[in-house]
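For reference, the structure discussed in these notes is given below.
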Amino acid sequence: MEIQKLTDVSFSRYGKVVTEFSYEKILKEMEHTPLPKDVVYVPSVEALEAVPEAADVCRMGFGGLPIQIGYCNGDNHKLNALEYHRSSEIDIAVTDLILLLGSQQDIEEDDTYDTSGVEAFFVPAGTAVELYATTLHYAPCTAQDGGFRCVIVLPKGTNEALPFETAKEGENRLLTAVNKWLIAHEEAGIEGAFCGLKGTNLSV
């Protein structure tokens, strides 16, 4: 599939490049995180949240909302699923990586989504992007040998275990964690997830 640039006008519907604060110390701290062959996601890492720059991310990135700073690292080439939150997400690329993105507005009434609507964007190492709340996304894809490392910043509590049972019908049947609505592709075999992605399980 075509890999677009963040400077392409098509990215503006999904998010924006963040330049309002620095994050060099966060990137430095990420050097200590693992880089497995599979994909690992850790929602909250104390060492990342203790970096002085975290206060700027909180104030300028989320208007003072309590945040969590974690990471998603690994080696991935498949779409597998798409998720969204009721909030923006800030991703900071430690390495070059590729984001596969879609729009929540394109989810059909039966909560299915056609993967032909997904677009791919190259995010250079050292770049931070805000993904809007209506942007469908999932784990980044690998853009260089060895895999990827990516900082993930979200409102505190996002992706924690749900303290209630999900609905049997409607949008909330997509909930798989706090503030996380997810639509999976059946090929991904994600246990308990709603398999509503139609079409090819895209690969880059």
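By order of appearance in the structure tokens: chains A, B, ..., then residues from 1 within every chain, and ligands from 1 in the order shown.
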>> Show me, as a PyMOL selection string, the residues that have an atom within 7 Å of A:Leu154 when counting only C-alpha atoms, minus same-chain residues fewer than 4 positions from it.
In response: chain A and resi 67-69+89-90+158
Rows by chain and residue number, stretch 41-134 of chain A within 7 Å of stretch 1-9 of chain A, shortest pair, only C-alpha atoms, as CSV:
residue,atom,partner,partner_atom,distance
A:Ala120,CA,A:Ile3,CA,5.0
A:Phe121,CA,A:Gln4,CA,4.6
A:Phe122,CA,A:Lys5,CA,5.5
A:Val123,CA,A:Leu6,CA,6.9
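Of the listed residues A:Pro34, A:Gly74, A:Gly196, A:Pro43, the one whose atoms come nearest to A:Asp110 is A:Gly196, with distances taken using only C-alpha atoms.
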>> I'd like the contact shell of A:Gly147 - 8 Å cut-off, only C-alpha atoms, skipping same-chain residues fewer than 5 positions apart - returned as number ranges by chain.
In response: A: 35, 37, 73-76, 142
>> At a cut-off of 9 Å, using only C-alpha atoms, what residues contact stretch 18-25 of chain A? Leave out same-chain residues fewer than 5 positions from it and give the result as a PyMOL selection string.
In response: chain A and resi 30+48+51-54+56-57+60-61+90+92+126-130
> Looking only at the backbone, which of the residues in stretch 38-172 of chain A does DSSP tag as strand (DSSP E), as JSON, numbers by chain?
Replying inline: {"A": [39, 40, 41, 42, 67, 68, 69, 70, 71, 72, 73, 74, 81, 82, 83, 84, 89, 90, 91, 92, 93, 97, 98, 99, 100, 101, 102, 103, 113, 114, 119, 120, 121, 122, 123, 128, 129, 130, 131, 135, 136, 141, 142, 148, 149, 150, 151, 152, 153, 154, 155]}
>> With DSSP run on the backbone, what are the helix (DSSP H, G or I) residues within stretch 14-201 of chain A? I'd like them as a PyMOL selection string.
In response: chain A and resi 24-32+46-49+53-62+104-106+115-117+171-174+186-188
Restricted to N, CA and C atoms, what would the selected residues look like written as a compact mmCIF listing (two decimals), in the first residue's frame?
# COMPACT_ATOMS: atom_id res chain seq x y z
N GLU A 24 12.99 15.18 24.37
CA GLU A 24 14.28 14.50 24.19
C GLU A 24 14.60 13.55 25.34
N LYS A 25 14.29 13.97 26.58
CA LYS A 25 14.59 13.13 27.74
C LYS A 25 13.70 11.89 27.77
N ILE A 26 12.47 12.04 27.28
CA ILE A 26 11.59 10.87 27.17
C ILE A 26 12.16 9.88 26.17
N LEU A 27 12.63 10.39 25.03
CA LEU A 27 13.25 9.53 24.02
C LEU A 27 14.47 8.82 24.59
N LYS A 28 15.26 9.54 25.38
CA LYS A 28 16.46 8.95 25.98
C LYS A 28 16.08 7.82 26.93
N GLU A 29 15.05 8.02 27.72
CA GLU A 29 14.60 7.00 28.68
C GLU A 29 14.08 5.77 27.94
N MET A 30 13.54 5.95 26.74
CA MET A 30 13.00 4.84 25.97
C MET A 30 14.08 3.86 25.51
N GLU A 31 15.33 4.28 25.55
CA GLU A 31 16.43 3.39 25.15
C GLU A 31 16.52 2.18 26.07
N HIS A 32 15.94 2.28 27.27
CA HIS A 32 16.01 1.19 28.25
C HIS A 32 14.84 0.21 28.11
N GLU A 46 6.59 4.28 35.08
CA GLU A 46 6.95 5.29 36.07
C GLU A 46 8.16 6.10 35.65
N ALA A 47 9.16 5.44 35.05
CA ALA A 47 10.38 6.15 34.67
C ALA A 47 10.11 7.19 33.59
N LEU A 48 9.19 6.91 32.68
CA LEU A 48 8.83 7.88 31.64
C LEU A 48 8.01 9.03 32.21
N GLU A 49 7.11 8.70 33.13
CA GLU A 49 6.25 9.72 33.73
C GLU A 49 6.99 10.61 34.71
N GLU A 53 9.98 16.52 31.47
CA GLU A 53 9.20 16.89 30.28
C GLU A 53 7.75 16.41 30.36
N ALA A 54 7.48 15.42 31.19
CA ALA A 54 6.12 14.88 31.29
C ALA A 54 5.13 15.95 31.71
N ALA A 55 5.57 16.91 32.52
CA ALA A 55 4.68 17.99 32.96
C ALA A 55 4.25 18.84 31.77
N ASP A 56 5.16 19.08 30.84
CA ASP A 56 4.80 19.85 29.65
C ASP A 56 3.84 19.08 28.76
N VAL A 57 4.06 17.78 28.64
CA VAL A 57 3.14 16.95 27.85
C VAL A 57 1.75 17.02 28.44
N CYS A 58 1.66 16.97 29.77
CA CYS A 58 0.38 17.04 30.46
C CYS A 58 -0.30 18.38 30.22
N ARG A 59 0.43 19.47 30.40
CA ARG A 59 -0.16 20.80 30.30
C ARG A 59 -0.48 21.17 28.85
N MET A 60 0.49 21.01 27.98
CA MET A 60 0.32 21.50 26.60
C MET A 60 -0.30 20.46 25.67
N GLY A 61 -0.15 19.18 26.02
CA GLY A 61 -0.72 18.14 25.17
C GLY A 61 -2.14 17.76 25.53
N PHE A 62 -2.48 17.88 26.85
CA PHE A 62 -3.79 17.41 27.31
C PHE A 62 -4.50 18.43 28.20
N GLN A 104 -13.24 7.15 12.40
CA GLN A 104 -14.39 6.59 13.10
C GLN A 104 -15.68 6.86 12.34
N GLN A 105 -15.74 7.98 11.64
CA GLN A 105 -16.95 8.32 10.89
C GLN A 105 -17.27 7.32 9.80
N ASP A 106 -16.29 6.51 9.39
CA ASP A 106 -16.50 5.53 8.34
C ASP A 106 -16.93 4.16 8.87
N THR A 115 -11.50 -2.28 5.50
CA THR A 115 -10.08 -1.92 5.60
C THR A 115 -9.55 -1.19 4.37
N SER A 116 -10.34 -1.14 3.31
CA SER A 116 -9.90 -0.38 2.13
C SER A 116 -9.83 1.12 2.43
N GLY A 117 -10.44 1.54 3.53
CA GLY A 117 -10.40 2.95 3.91
C GLY A 117 -9.17 3.34 4.70
N GLU A 171 -22.52 0.18 20.40
CA GLU A 171 -21.10 0.53 20.34
C GLU A 171 -20.29 -0.05 21.49
N ASN A 172 -20.87 -0.09 22.68
CA ASN A 172 -20.09 -0.51 23.83
C ASN A 172 -19.78 -2.01 23.85
N ARG A 173 -20.28 -2.76 22.89
CA ARG A 173 -19.81 -4.14 22.75
C ARG A 173 -18.39 -4.18 22.21
N LEU A 174 -17.91 -3.02 21.69
CA LEU A 174 -16.55 -2.93 21.18
C LEU A 174 -15.53 -2.66 22.28
N GLU A 186 -10.60 -10.91 11.84
CA GLU A 186 -10.68 -12.29 12.30
C GLU A 186 -9.35 -13.02 12.19
N GLU A 187 -8.50 -12.64 11.24
CA GLU A 187 -7.20 -13.29 11.09
C GLU A 187 -6.28 -13.03 12.28
N ALA A 188 -6.54 -11.96 13.01
CA ALA A 188 -5.66 -11.61 14.13
C ALA A 188 -5.88 -12.51 15.34
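Atom to atom, atom CA of A:Leu82 and atom CA of A:Val118 stand 9.6 Å apart.
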> Which is closest to A:Ala161 among A:Ala143, A:Glu108, A:Ala177, A:Lys16, if we use only C-alpha atoms?
Replying inline: A:Ala177
